[in-house]
file target_11.csv (CSV, C-alpha atoms)
chain,number,residue,atom,x,y,z
S,1,MET,CA,3.5,-19.8,-6.2
S,2,ARG,CA,2.5,-17.6,-9.2
S,3,VAL,CA,4.4,-14.3,-9.5
S,4,LEU,CA,3.6,-11.4,-11.8
S,5,LEU,CA,6.8,-9.6,-12.8
S,6,VAL,CA,6.1,-6.3,-14.4
S,7,ASP,CA,8.6,-5.1,-17.0
S,8,ALA,CA,9.0,-1.4,-17.3
S,9,PHE,CA,11.2,-1.7,-20.4
S,10,ASP,CA,14.4,-2.7,-18.5
S,11,SER,CA,17.0,-5.2,-19.5
S,12,PHE,CA,17.4,-6.5,-16.0
S,13,VAL,CA,13.9,-8.0,-15.9
S,14,TYR,CA,15.1,-11.5,-17.1
S,15,VAL,CA,17.8,-11.7,-14.4
S,16,VAL,CA,15.1,-10.9,-11.9
S,17,LYS,CA,12.9,-13.6,-13.4
S,18,ASN,CA,15.7,-16.1,-13.1
S,19,TYR,CA,16.2,-15.3,-9.4
S,20,VAL,CA,12.5,-15.7,-8.7
S,21,ASP,CA,12.3,-18.9,-10.7
S,22,LEU,CA,15.2,-20.3,-8.8
S,23,LEU,CA,13.1,-19.8,-5.6
S,24,GLY,CA,10.5,-22.2,-7.1
S,25,ALA,CA,8.0,-19.6,-8.4
S,26,ASP,CA,6.1,-19.7,-11.7
S,27,THR,CA,7.0,-16.3,-13.0
S,28,THR,CA,5.1,-14.4,-15.7
S,29,ILE,CA,6.6,-11.3,-17.2
S,30,VAL,CA,4.2,-8.7,-18.5
S,31,ARG,CA,5.2,-5.4,-20.0
S,32,VAL,CA,3.8,-2.4,-18.1
S,33,ASN,CA,1.9,-1.2,-21.2
S,34,HIS,CA,0.1,-4.6,-21.4
S,35,LEU,CA,-1.1,-4.8,-17.8
S,36,ALA,CA,-4.7,-4.4,-18.9
S,37,GLU,CA,-4.4,-7.9,-20.4
S,38,VAL,CA,-3.9,-9.6,-17.1
S,39,ASP,CA,-5.6,-9.8,-13.7
S,40,PRO,CA,-3.0,-9.2,-11.1
S,41,LEU,CA,-5.3,-10.6,-8.4
S,42,THR,CA,-4.9,-14.1,-9.9
S,43,PHE,CA,-1.2,-14.1,-8.9
S,44,ASP,CA,0.2,-14.8,-5.4
S,45,ALA,CA,2.6,-11.8,-5.5
S,46,VAL,CA,3.7,-8.9,-7.8
S,47,ILE,CA,7.2,-7.7,-8.5
S,48,LEU,CA,7.5,-4.2,-9.9
S,49,GLY,CA,10.7,-4.4,-11.9
S,50,PRO,CA,13.3,-1.6,-12.5
S,51,GLY,CA,13.2,0.7,-15.4
S,52,PRO,CA,13.8,4.2,-16.7
S,53,GLY,CA,11.8,7.3,-16.0
S,54,HIS,CA,9.7,8.7,-13.1
S,55,PRO,CA,7.3,6.4,-11.1
S,56,GLU,CA,4.4,8.8,-11.7
S,57,ASP,CA,4.7,8.1,-15.5
S,58,CYS,CA,5.4,4.4,-15.8
S,59,GLY,CA,2.0,2.9,-15.1
S,60,TYR,CA,2.9,1.3,-11.7
S,61,LEU,CA,0.6,3.5,-9.6
S,62,GLU,CA,-2.6,2.3,-11.3
S,63,LEU,CA,-1.5,-1.3,-10.7
S,64,LEU,CA,-0.7,-0.5,-7.0
S,65,ASP,CA,-4.3,0.9,-6.7
S,66,ARG,CA,-5.6,-2.5,-7.7
S,67,VAL,CA,-3.4,-4.7,-5.5
S,68,ALA,CA,-2.6,-2.6,-2.4
S,69,GLY,CA,-3.4,-4.6,0.7
S,70,ARG,CA,-4.6,-7.5,-1.4
S,71,LYS,CA,-1.4,-9.0,-2.9
S,72,PRO,CA,2.2,-8.7,-1.7
S,73,VAL,CA,4.3,-6.4,-3.8
S,74,PHE,CA,8.1,-6.2,-4.1
S,75,GLY,CA,9.5,-3.1,-5.8
S,76,ILE,CA,13.0,-2.9,-7.3
S,77,CYS,CA,14.5,0.5,-8.0
S,78,LEU,CA,11.7,2.2,-10.0
S,79,GLY,CA,9.3,-0.2,-8.3
S,80,MET,CA,10.4,1.0,-4.9
S,81,GLN,CA,10.0,4.6,-6.0
S,82,ALA,CA,6.4,3.8,-7.1
S,83,ILE,CA,5.6,2.3,-3.7
S,84,ALA,CA,6.9,5.5,-2.1
S,85,VAL,CA,4.8,7.8,-4.4
S,86,HIS,CA,1.7,5.6,-4.1
S,87,ALA,CA,2.0,6.0,-0.3
S,88,GLY,CA,2.1,9.7,-0.6
S,89,ALA,CA,5.9,10.4,-0.5
S,90,GLN,CA,7.9,12.3,-3.1
S,91,VAL,CA,10.6,11.1,-5.4
S,92,VAL,CA,13.3,13.7,-6.2
S,93,ARG,CA,16.5,13.9,-8.2
S,94,ALA,CA,19.6,12.6,-6.4
S,95,SER,CA,22.6,14.9,-6.0
S,96,SER,CA,24.6,12.5,-8.1
S,97,ARG,CA,23.7,9.6,-10.4
S,98,GLN,CA,24.6,6.1,-9.2
S,99,HIS,CA,24.6,4.0,-12.4
S,100,GLY,CA,26.5,0.8,-11.8
S,101,LYS,CA,28.0,2.0,-8.6
S,102,VAL,CA,28.5,-0.3,-5.6
S,103,SER,CA,27.9,1.1,-2.2
S,104,ARG,CA,27.3,-0.2,1.3
S,105,ILE,CA,23.8,-0.1,2.9
S,106,ARG,CA,22.7,-0.4,6.5
S,107,ASN,CA,19.4,-2.2,7.0
S,108,ASP,CA,16.9,-2.9,9.9
S,109,GLY,CA,17.2,-6.7,9.8
S,110,ARG,CA,13.4,-7.1,9.1
S,111,GLY,CA,11.3,-8.1,6.1
S,112,CYS,CA,13.4,-8.7,3.1
S,113,PHE,CA,16.5,-8.1,5.2
S,114,THR,CA,15.7,-10.8,7.8
S,115,GLY,CA,18.8,-12.8,8.8
S,116,LEU,CA,21.2,-10.7,6.8
S,117,PRO,CA,24.2,-8.7,8.0
S,118,ASP,CA,23.2,-5.2,9.1
S,119,THR,CA,25.5,-3.8,6.4
S,120,PHE,CA,26.4,-5.2,3.0
S,121,GLU,CA,27.3,-4.0,-0.5
S,122,VAL,CA,24.7,-3.4,-3.2
S,123,THR,CA,24.7,-2.2,-6.8
S,124,ARG,CA,22.8,1.0,-7.6
S,125,TYR,CA,21.4,2.2,-11.0
S,126,HIS,CA,19.4,5.4,-10.3
S,127,SER,CA,19.3,9.1,-10.5
S,128,LEU,CA,16.0,9.5,-8.5
S,129,VAL,CA,15.5,8.8,-4.8
S,130,ALA,CA,12.6,8.7,-2.3
S,131,ASP,CA,12.7,11.9,-0.4
S,132,GLU,CA,13.4,11.1,3.3
S,133,THR,CA,11.4,14.0,4.7
S,134,SER,CA,8.3,13.1,2.8
S,135,VAL,CA,8.7,9.4,3.6
S,136,GLY,CA,8.7,10.4,7.3
S,137,GLN,CA,5.4,12.1,7.0
S,138,VAL,CA,3.6,8.9,5.7
S,139,ALA,CA,2.2,6.9,8.6
S,140,ASP,CA,2.3,3.5,6.8
S,141,LEU,CA,5.8,3.9,5.2
S,142,GLU,CA,9.0,3.1,7.0
S,143,ILE,CA,12.6,3.3,5.9
S,144,SER,CA,14.2,-0.2,6.1
S,145,ALA,CA,17.7,0.6,4.6
S,146,ARG,CA,19.9,3.6,3.8
S,147,SER,CA,23.1,4.0,1.9
S,148,LEU,CA,26.2,4.6,4.0
S,149,LEU,CA,27.7,6.6,1.2
S,150,ASP,CA,25.2,9.3,0.9
S,151,GLY,CA,22.4,8.5,3.3
S,152,TYR,CA,19.7,8.0,0.6
S,153,VAL,CA,16.8,5.7,1.2
S,154,MET,CA,17.7,2.2,-0.1
S,155,GLY,CA,14.7,0.3,1.3
S,156,LEU,CA,11.1,1.0,2.2
S,157,ARG,CA,8.3,-1.0,3.8
S,158,ARG,CA,4.5,-0.6,3.8
S,159,GLY,CA,3.6,-3.5,6.1
S,160,ARG,CA,-0.2,-3.0,6.2
S,161,SER,CA,-0.3,-2.6,2.4
S,162,LEU,CA,1.9,-5.8,2.0
S,163,MET,CA,4.6,-3.8,0.1
S,164,GLU,CA,8.3,-3.7,0.4
S,165,GLY,CA,11.0,-2.4,-2.0
S,166,VAL,CA,14.6,-1.7,-2.5
S,167,GLN,CA,16.3,1.1,-4.4
S,168,PHE,CA,19.3,-1.1,-5.3
S,169,HIS,CA,19.4,-4.0,-7.7
S,170,PRO,CA,19.4,-7.3,-5.8
S,171,GLU,CA,19.7,-9.2,-9.1
S,172,SER,CA,23.0,-7.5,-9.9
S,173,ILE,CA,26.1,-9.7,-9.6
S,174,GLY,CA,27.7,-6.8,-7.6
S,175,SER,CA,25.0,-6.9,-4.9
S,176,GLN,CA,25.6,-9.2,-2.0
S,177,TYR,CA,22.7,-11.4,-0.7
S,178,GLY,CA,20.5,-10.6,-3.7
S,179,HIS,CA,18.8,-14.1,-3.7
S,180,GLN,CA,18.2,-13.8,0.0
S,181,VAL,CA,16.6,-10.4,-0.2
S,182,ILE,CA,14.1,-11.6,-2.8
S,183,GLY,CA,13.6,-14.9,-1.0
S,184,ASN,CA,13.0,-13.2,2.3
S,185,PHE,CA,10.3,-11.0,0.8
S,186,PHE,CA,8.4,-14.1,-0.3
S,187,ARG,CA,8.8,-15.8,3.0
S,188,GLU,CA,7.7,-12.7,4.9
S,189,TYR,CA,4.6,-12.0,2.8
S,190,CYS,CA,3.7,-15.3,1.1
S,191,GLY,CA,4.4,-17.8,3.9
S,192,PRO,CA,7.4,-19.6,5.4
S,193,SER,CA,7.6,-22.2,2.6
S,194,ALA,CA,7.8,-19.6,-0.1
S,195,GLY,CA,11.1,-18.3,-1.3
S,196,ASN,CA,13.1,-21.4,-0.5

call {"tool": "encode", "arguments": {"input": "target_11.csv", "output": "structure tokens"}}
result
Amino acid sequence: MRVLLVDAFDSFVYVVKNYVDLLGADTTIVRVNHLAEVDPLTFDAVILGPGPGHPEDCGYLELLDRVAGRKPVFGICLGMQAIAVHAGAQVVRASSRQHGKVSRIRNDGRGCFTGLPDTFEVTRYHSLVADETSVGQVADLEISARSLLDGYVMGLRRGRSLMEGVQFHPESIGSQYGHQVIGNFFREYCGPSAGN
């Protein structure tokens, strides 16, 4: 399985690559400002990595225009926010920054959360969040996880568009079940033998 991992200038991208490689994938990292040099449709799946800034300014939306409904996309942090904005939801400033903070989430047990406990601890690095009200107004966008600390959206799914994302960092050592979250995404969207 060939995976395109898009780097939005974030130091965590190599940890994400290691997680994906451990699942048996052939992972190619491409910086977001070099996406014109690759054809994302030649990959089996795309991961939108974490990074600084706002999802409208990072270059992810143009990529999502190219792959929506054609290739599975997993978004981490900024990547999940880009999935939300691409679907028509808004991303807003959180009431407090969560940089390196561990908090417990509740998930729906589907998609990337299949077979996992309904609550577990994750590590968060963000100051922006998907606005729950605007998410609820998008037909093909569902909330798959929320923080028990502050109620913020911690997971989103666009099933018909083959997209799923998490606001937290599954690759962080402080996140429980990080390997399983990423592996479940591949099994759900790329077939049962993927992500093992």

call {"tool": "residues_near_point", "arguments": {"input": "target_11.csv", "point": "(32.3, -0.6, 9.3)", "cutoff": "12 Å", "atoms": "only C-alpha atoms", "output": "list in words"}}
result
Arg104, Ile105, Arg106, Pro117, Asp118, Thr119, Phe120, Glu121, Leu148 and Leu149 of chain S

call {"tool": "closest_residue", "arguments": {"input": "target_11.csv", "among": "S:Gln98, S:Thr114, S:Ser11, S:Thr42", "to": "Arg66 in chain S", "atoms": "only C-alpha atoms"}}
result
S:Thr42

call {"tool": "residues_around", "arguments": {"input": "target_11.csv", "residues": "Pro40 in chain S", "least_positions_apart": "2", "cutoff": "10 Å", "atoms": "only C-alpha atoms", "output": "list of chain:residue names"}}
result
S:Val3, S:Leu4, S:Leu5, S:Leu35, S:Ala36, S:Glu37, S:Val38, S:Thr42, S:Phe43, S:Asp44, S:Ala45, S:Val46, S:Leu63, S:Leu64, S:Arg66, S:Val67, S:Arg70, S:Lys71

call {"tool": "closest_residue", "arguments": {"input": "target_11.csv", "among": "S:Gly69, S:Glu56, S:Phe74, S:Asp21", "to": "Val6 in chain S", "atoms": "only C-alpha atoms"}}
result
S:Phe74

call {"tool": "residues_around", "arguments": {"input": "target_11.csv", "residues": "Ala130 in chain S", "least_positions_apart": "4", "cutoff": "7 Å", "atoms": "all atoms listed in the file", "output": "MDAnalysis selection string"}}
result
chainID S and resid 81 84 90:92 153

call {"tool": "closest_residue", "arguments": {"input": "target_11.csv", "among": "S:Gln176, S:Thr133, S:Asn107, S:Ser161", "to": "Ser147 in chain S", "atoms": "only C-alpha atoms"}}
result
S:Asn107

call {"tool": "atom_distance", "arguments": {"input": "target_11.csv", "atom1": "CA of Gly111 in chain S", "atom2": "CA of Asp131 in chain S"}}
result
21.1 Å

call {"tool": "atom_distance", "arguments": {"input": "target_11.csv", "atom1": "CA of Leu162 in chain S", "atom2": "CA of His99 in chain S"}}
result
28.6 Å

call {"tool": "atom_distance", "arguments": {"input": "target_11.csv", "atom1": "CA of Gly174 in chain S", "atom2": "CA of Met80 in chain S"}}
result
19.2 Å

call {"tool": "residues_around", "arguments": {"input": "target_11.csv", "residues": "Met154 in chain S", "least_positions_apart": "4", "cutoff": "6 Å", "atoms": "all atoms listed in the file", "output": "compact mmCIF listing (two decimals) with C-alpha atoms, keeping the file's coordinate frame"}}
result
# COMPACT_ATOMS: atom_id res chain seq x y z
CA ALA S 145 17.70 0.60 4.60
CA ARG S 146 19.90 3.60 3.80
CA VAL S 166 14.60 -1.70 -2.50
CA GLN S 167 16.30 1.10 -4.40

call {"tool": "closest_residue", "arguments": {"input": "target_11.csv", "among": "S:Leu22, S:Ala194, S:Val30, S:Leu48", "to": "Ile83 in chain S", "atoms": "all atoms listed in the file"}}
result
S:Leu48

call {"tool": "residues_around", "arguments": {"input": "target_11.csv", "residues": "Lys101 in chain S", "least_positions_apart": "6", "cutoff": "8 Å", "atoms": "all atoms listed in the file", "output": "JSON, numbers by chain"}}
result
{"S": [123, 124, 125]}
